[in-house]
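Participant: Data: model.pdb, PDB, C-alpha atoms and all ligand atoms.
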ATOM      1  CA  MET A   1      91.673 149.439 172.514
ATOM      2  CA  PHE A   2      89.281 146.638 173.395
ATOM      3  CA  SER A   3      86.736 147.627 170.765
ATOM      4  CA  ARG A   4      89.516 148.015 168.211
ATOM      5  CA  SER A   5      90.702 144.454 168.919
ATOM      6  CA  VAL A   6      87.189 143.096 168.767
ATOM      7  CA  PHE A   7      86.598 144.858 165.457
ATOM      8  CA  LEU A   8      89.833 143.511 164.007
ATOM      9  CA  ALA A   9      89.029 139.987 165.210
ATOM     10  CA  GLY A  10      85.611 140.308 163.578
ATOM     11  CA  PHE A  11      87.210 141.490 160.360
ATOM     12  CA  LEU A  12      89.583 138.535 160.289
ATOM     13  CA  LEU A  13      86.721 136.144 161.062
ATOM     14  CA  CYS A  14      84.680 137.621 158.234
ATOM     15  CA  ILE A  15      87.464 136.830 155.790
ATOM     16  CA  GLY A  16      87.001 133.195 156.766
ATOM     17  CA  VAL A  17      83.275 132.715 157.029
ATOM     18  CA  GLY A  18      81.454 135.841 155.863
ATOM     19  CA  VAL A  19      80.989 134.974 152.212
ATOM     20  CA  ALA A  20      77.600 134.957 150.551
ATOM     21  CA  ALA A  21      76.058 131.799 149.133
ATOM     22  CA  GLY A  22      77.178 131.215 145.556
ATOM     23  CA  GLN A  23      80.496 132.944 146.204
ATOM     24  CA  PRO A  24      83.822 131.202 146.738
ATOM     25  CA  GLN A  25      84.124 129.965 150.307
ATOM     26  CA  TYR A  26      87.229 129.771 152.430
ATOM     27  CA  LEU A  27      88.398 126.619 154.178
ATOM     28  CA  ALA A  28      90.741 127.430 157.042
ATOM     29  CA  GLY A  29      91.992 123.819 157.095
ATOM     30  CA  THR A  30      93.678 124.257 153.717
ATOM     31  CA  GLY A  31      93.828 128.058 153.438
ATOM     32  CA  HIS A  32      92.185 127.814 150.014
ATOM     33  CA  TYR A  33      88.931 129.110 148.506
ATOM     34  CA  TYR A  34      86.411 126.865 146.733
ATOM     35  CA  GLU A  35      83.556 127.591 144.335
ATOM     36  CA  LEU A  36      80.707 125.338 143.177
ATOM     37  CA  VAL A  37      79.676 125.780 139.558
ATOM     38  CA  HIS A  38      76.309 124.234 138.826
ATOM     39  CA  PRO A  39      75.318 122.805 135.441
ATOM     40  CA  THR A  40      73.476 125.072 133.020
ATOM     41  CA  GLY A  41      72.022 122.281 130.892
ATOM     42  CA  SER A  42      74.581 122.754 128.123
ATOM     43  CA  PRO A  43      76.948 119.850 127.423
ATOM     44  CA  THR A  44      80.358 120.196 129.092
ATOM     45  CA  THR A  45      83.531 118.130 129.097
ATOM     46  CA  HIS A  46      86.486 117.882 131.459
ATOM     47  CA  SER A  47      88.771 119.746 129.057
ATOM     48  CA  GLY A  48      86.106 122.413 128.481
ATOM     49  CA  ASN A  49      85.622 123.003 132.209
ATOM     50  CA  LYS A  50      89.396 123.017 132.701
ATOM     51  CA  ALA A  51      89.765 125.740 130.053
ATOM     52  CA  ASP A  52      86.941 127.764 131.662
ATOM     53  CA  VAL A  53      88.618 127.568 135.041
ATOM     54  CA  GLN A  54      91.941 128.735 133.624
ATOM     55  CA  ASN A  55      90.167 132.011 132.837
ATOM     56  CA  ARG A  56      88.733 132.331 136.354
ATOM     57  CA  GLN A  57      90.327 134.332 139.147
ATOM     58  CA  PHE A  58      89.182 135.245 142.636
ATOM     59  CA  LEU A  59      91.016 137.910 144.680
ATOM     60  CA  GLY A  60      93.696 137.731 141.992
ATOM     61  CA  LEU A  61      94.167 134.009 142.635
ATOM     62  CA  GLN A  62      94.227 131.602 139.688
ATOM     63  CA  GLY A  63      91.624 128.856 139.871
ATOM     64  CA  HIS A  64      91.951 125.188 138.933
ATOM     65  CA  LEU A  65      89.569 122.228 139.033
ATOM     66  CA  ALA A  66      89.559 121.216 142.694
ATOM     67  CA  THR A  67      92.076 118.711 144.011
ATOM     68  CA  VAL A  68      90.926 116.852 147.092
ATOM     69  CA  THR A  69      93.916 115.644 149.039
ATOM     70  CA  GLY A  70      92.546 114.928 152.522
ATOM     71  CA  ASP A  71      89.502 114.400 154.738
ATOM     72  CA  THR A  72      89.349 118.085 155.761
ATOM     73  CA  GLU A  73      88.895 119.152 152.152
ATOM     74  CA  ASN A  74      86.580 116.270 151.211
ATOM     75  CA  ASP A  75      84.343 116.745 154.279
ATOM     76  CA  PHE A  76      84.062 120.488 153.596
ATOM     77  CA  LEU A  77      82.963 119.936 149.988
ATOM     78  CA  ALA A  78      80.658 117.039 150.909
ATOM     79  CA  SER A  79      78.828 119.104 153.537
ATOM     80  CA  TRP A  80      78.517 121.989 151.053
ATOM     81  CA  LEU A  81      76.978 119.643 148.462
ATOM     82  CA  LYS A  82      74.547 118.358 151.106
ATOM     83  CA  ARG A  83      73.345 121.934 151.714
ATOM     84  CA  ASP A  84      73.354 122.996 148.057
ATOM     85  CA  ARG A  85      71.563 120.105 146.406
ATOM     86  CA  GLN A  86      71.654 120.921 142.702
ATOM     87  CA  THR A  87      72.906 117.955 140.718
ATOM     88  CA  HIS A  88      74.401 114.518 141.221
ATOM     89  CA  ALA A  89      77.958 115.058 139.964
ATOM     90  CA  TYR A  90      80.723 117.692 140.171
ATOM     91  CA  ARG A  91      83.988 117.408 138.253
ATOM     92  CA  LEU A  92      87.287 117.476 140.094
ATOM     93  CA  GLY A  93      90.796 118.025 138.727
ATOM     94  CA  GLY A  94      91.775 114.359 138.655
ATOM     95  CA  ILE A  95      92.271 112.182 135.588
ATOM     96  CA  TYR A  96      93.284 108.615 134.842
ATOM     97  CA  THR A  97      95.640 108.390 131.902
ATOM     98  CA  SER A  98      98.612 106.165 130.968
ATOM     99  CA  GLY A  99      97.368 103.696 133.573
ATOM    100  CA  GLN A 100      97.410 105.933 136.640
ATOM    101  CA  TRP A 101      95.402 108.548 138.487
ATOM    102  CA  SER A 102      96.885 112.011 138.947
ATOM    103  CA  TRP A 103      95.929 115.543 139.923
ATOM    104  CA  GLU A 104      96.297 118.050 137.105
ATOM    105  CA  THR A 105      98.066 120.467 139.470
ATOM    106  CA  GLY A 106     100.883 117.982 140.029
ATOM    107  CA  GLU A 107      99.916 117.423 143.671
ATOM    108  CA  THR A 108     100.625 113.927 144.994
ATOM    109  CA  TRP A 109      97.838 111.409 144.406
ATOM    110  CA  SER A 110      97.714 109.639 147.757
ATOM    111  CA  TYR A 111      94.309 110.372 149.310
ATOM    112  CA  THR A 112      91.158 108.863 147.744
ATOM    113  CA  ASN A 113      87.496 108.754 148.742
ATOM    114  CA  TRP A 114      85.878 106.374 146.275
ATOM    115  CA  ALA A 115      82.215 105.378 146.426
ATOM    116  CA  SER A 116      81.651 101.685 146.999
ATOM    117  CA  GLY A 117      82.777  99.612 144.012
ATOM    118  CA  GLU A 118      84.590 102.567 142.411
ATOM    119  CA  PRO A 119      86.562 103.260 140.344
ATOM    120  CA  SER A 120      84.778 100.712 138.181
ATOM    121  CA  PHE A 121      86.228 101.599 134.737
ATOM    122  CA  SER A 122      82.839 100.704 133.285
ATOM    123  CA  VAL A 123      84.200 101.896 129.942
ATOM    124  CA  PRO A 124      87.916 100.960 129.789
ATOM    125  CA  GLY A 125      90.519 103.624 128.990
ATOM    126  CA  ASP A 126      91.116 107.159 130.206
ATOM    127  CA  GLN A 127      88.815 108.371 132.957
ATOM    128  CA  GLU A 128      87.845 111.597 134.653
ATOM    129  CA  LEU A 129      86.964 112.110 138.295
ATOM    130  CA  MET A 130      83.778 113.412 139.877
ATOM    131  CA  MET A 131      82.353 113.895 143.354
ATOM    132  CA  TYR A 132      78.779 112.830 144.017
ATOM    133  CA  GLY A 133      76.253 115.531 144.820
ATOM    134  CA  PRO A 134      72.789 114.377 145.977
ATOM    135  CA  HIS A 135      73.204 110.609 145.959
ATOM    136  CA  PRO A 136      73.324 107.903 148.649
ATOM    137  CA  GLU A 137      77.120 108.392 148.730
ATOM    138  CA  ILE A 138      77.241 112.176 148.593
ATOM    139  CA  GLY A 139      80.819 113.485 148.683
ATOM    140  CA  LYS A 140      82.272 110.163 147.492
ATOM    141  CA  TRP A 141      84.090 109.828 144.170
ATOM    142  CA  ASN A 142      83.325 108.067 140.917
ATOM    143  CA  ASP A 143      85.139 107.633 137.624
ATOM    144  CA  SER A 144      83.682 108.220 134.178
ATOM    145  CA  GLN A 145      84.986 107.803 130.642
ATOM    146  CA  TYR A 146      87.189 110.788 129.783
ATOM    147  CA  GLY A 147      86.002 113.167 127.084
ATOM    148  CA  VAL A 148      82.292 112.405 127.268
ATOM    149  CA  ALA A 149      80.088 115.535 127.382
ATOM    150  CA  LYS A 150      77.598 115.804 130.246
ATOM    151  CA  THR A 151      74.640 118.141 130.503
ATOM    152  CA  ASP A 152      74.005 117.537 134.207
ATOM    153  CA  TRP A 153      77.490 117.789 135.719
ATOM    154  CA  GLY A 154      78.795 120.820 137.567
ATOM    155  CA  TYR A 155      82.377 121.371 138.669
ATOM    156  CA  ILE A 156      84.333 122.641 141.637
ATOM    157  CA  ILE A 157      86.979 125.350 141.427
ATOM    158  CA  GLU A 158      89.783 125.691 143.963
ATOM    159  CA  TYR A 159      91.802 128.893 144.392
ATOM    160  CA  ASP A 160      95.134 128.262 146.082
ATOM    161  CA  VAL A 161      96.450 130.972 148.391
ATOM    162  CA  PRO A 162     100.233 130.936 148.737
ATOM    163  CA  GLU A 163     100.978 131.101 152.465
ATOM    164  CA  PRO A 164     103.103 134.264 152.419
ATOM    165  CA  ALA A 165     100.357 135.964 150.359
ATOM    166  CA  THR A 166      97.750 135.006 152.966
ATOM    167  CA  LEU A 167      99.839 136.584 155.703
ATOM    168  CA  SER A 168     100.440 139.705 153.618
ATOM    169  CA  LEU A 169      96.734 140.129 152.863
ATOM    170  CA  LEU A 170      95.829 139.769 156.540
ATOM    171  CA  THR A 171      98.612 142.117 157.609
ATOM    172  CA  ILE A 172      97.730 144.764 155.032
ATOM    173  CA  GLY A 173      94.016 144.501 155.874
ATOM    174  CA  GLY A 174      94.681 144.718 159.600
ATOM    175  CA  LEU A 175      97.076 147.675 159.294
ATOM    176  CA  ALA A 176      94.639 149.547 157.050
ATOM    177  CA  LEU A 177      91.877 149.148 159.629
ATOM    178  CA  ILE A 178      94.077 150.233 162.539
ATOM    179  CA  ARG A 179      95.199 153.309 160.588
ATOM    180  CA  ARG A 180      91.581 154.217 159.773
ATOM    181  CA  TRP A 181      90.599 153.708 163.418
ATOM    182  CA  LYS A 182      93.200 156.209 164.576
TER     183      LYS A 182
HETATM  184 CA    CA A 201      93.243 120.965 146.993
END
What is this structure when it is put down as structure tokens?
Facilitator:
Amino acid sequence: MFSRSVFLAGFLLCIGVGVAAGQPQYLAGTGHYYELVHPTGSPTTHSGNKADVQNRQFLGLQGHLATVTGDTENDFLASWLKRDRQTHAYRLGGIYTSGQWSWETGETWSYTNWASGEPSFSVPGDQELMMYGPHPEIGKWNDSQYGVAKTDWGYIIEYDVPEPATLSLLTIGGLALIRRWK
């Protein structure tokens, strides 16, 4: 019984932390998975990345450009970007249009983590949102004119896990293991 419990605990732990580099990673603090997509050198835009992400799924979960709504989520992504130093900017799912910032998922825009002096609206009008990669303010946010193609920007995908689905997956996985063990 002891070894069975230890094995099951290990299995559950692996769901949280045992993902290979380059694969979506799980953040227990939000219960969501995240994926870094690095630039390929081809020009990309916010709307282009958004369309790409709408075709991306992980474990049957629909992805969206990441929405960062608290320190837990921001710190997780910032520390990931510190380890995986590829480029200076990663798009998020936030835009400034009709005079206000919003998340494209409809989540409440209340948390922000702007770099010093940002958002600067250096070109007035609609803006998109990015998180700094390797930069003195890594993990902080900056705004940039919406619709401008970038060759050196990556983006971050977030896969939301509905809470009942998380429980079901864990329960099904655990039951399957126990059955196999018997
Ligand atoms: Ca989020």
Participant: Evaluated on this file, the PyMOL selection byres (((not hetatm)) within 8 of (chain A and resi 201)) picks out some residues - which ones are they, written as a PDB file with C-alpha atoms, keeping the file's coordinate frame?
Facilitator:
ATOM      1  CA  THR A  30      93.678 124.257 153.717  1.00  0.00           C
ATOM      2  CA  HIS A  32      92.185 127.814 150.014  1.00  0.00           C
ATOM      3  CA  ALA A  66      89.559 121.216 142.694  1.00  0.00           C
ATOM      4  CA  THR A  67      92.076 118.711 144.011  1.00  0.00           C
ATOM      5  CA  VAL A  68      90.926 116.852 147.092  1.00  0.00           C
ATOM      6  CA  THR A  69      93.916 115.644 149.039  1.00  0.00           C
ATOM      7  CA  GLU A  73      88.895 119.152 152.152  1.00  0.00           C
ATOM      8  CA  GLU A 158      89.783 125.691 143.963  1.00  0.00           C
ATOM      9  CA  ASP A 160      95.134 128.262 146.082  1.00  0.00           C
TER      10      ASP A 160
END
Participant: Ranking A:Asn74, A:Gln57, A:Gln127, A:Gln86 by minimum distance to A:Thr45 and counting all atoms listed in the file, which one comes first?
Facilitator: A:Gln127
Participant: Could you tell me which of A:Val161, A:Glu128, A:Lys82, A:Asn113 comes closest to A:Trp141 if we count all atoms listed in the file?
Facilitator: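 When distances to A:Trp141 are compared using all atoms listed in the file, the smallest one comes from A:Asn113.
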Participant: As a check of understanding, name the residues that the PyMOL selection byres (((chain A and resi 88-103) around 7) and not hetatm) selects in the supplied structure, as a PyMOL selection string.
Facilitator: chain A and resi 65-67+87+104-107+109+126-135+153-156
Participant: Keeping only C-alpha atoms, take the residues you just selected and write them out as a compact mmCIF listing (two decimals), keeping the file's coordinate frame.
Facilitator:
# COMPACT_ATOMS: atom_id res chain seq x y z
CA LEU A 65 89.57 122.23 139.03
CA ALA A 66 89.56 121.22 142.69
CA THR A 67 92.08 118.71 144.01
CA THR A 87 72.91 117.96 140.72
CA GLU A 104 96.30 118.05 137.10
CA THR A 105 98.07 120.47 139.47
CA GLY A 106 100.88 117.98 140.03
CA GLU A 107 99.92 117.42 143.67
CA TRP A 109 97.84 111.41 144.41
CA ASP A 126 91.12 107.16 130.21
CA GLN A 127 88.82 108.37 132.96
CA GLU A 128 87.84 111.60 134.65
CA LEU A 129 86.96 112.11 138.29
CA MET A 130 83.78 113.41 139.88
CA MET A 131 82.35 113.90 143.35
CA TYR A 132 78.78 112.83 144.02
CA GLY A 133 76.25 115.53 144.82
CA PRO A 134 72.79 114.38 145.98
CA HIS A 135 73.20 110.61 145.96
CA TRP A 153 77.49 117.79 135.72
CA GLY A 154 78.80 120.82 137.57
CA TYR A 155 82.38 121.37 138.67
CA ILE A 156 84.33 122.64 141.64
Participant: Quick check on the file I pasted: which residues fall under the PyMOL selection byres (((chain A and resi 145) around 8) and not hetatm)? Write them as a count of residues only.
Facilitator: 13
Participant: Could you tell me how far atom CA of A:Pro39 sits from atom CA of A:Asn55, in Å to one decimal place?
Facilitator: 17.7 Å
Participant: With only C-alpha atoms as the atoms that count, which of A:Pro164, A:Ser116, A:Ile157, A:Tyr26 lies nearest to A:Phe76?
Facilitator: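 The shortest atom-to-atom distance to A:Phe76 comes from A:Tyr26.
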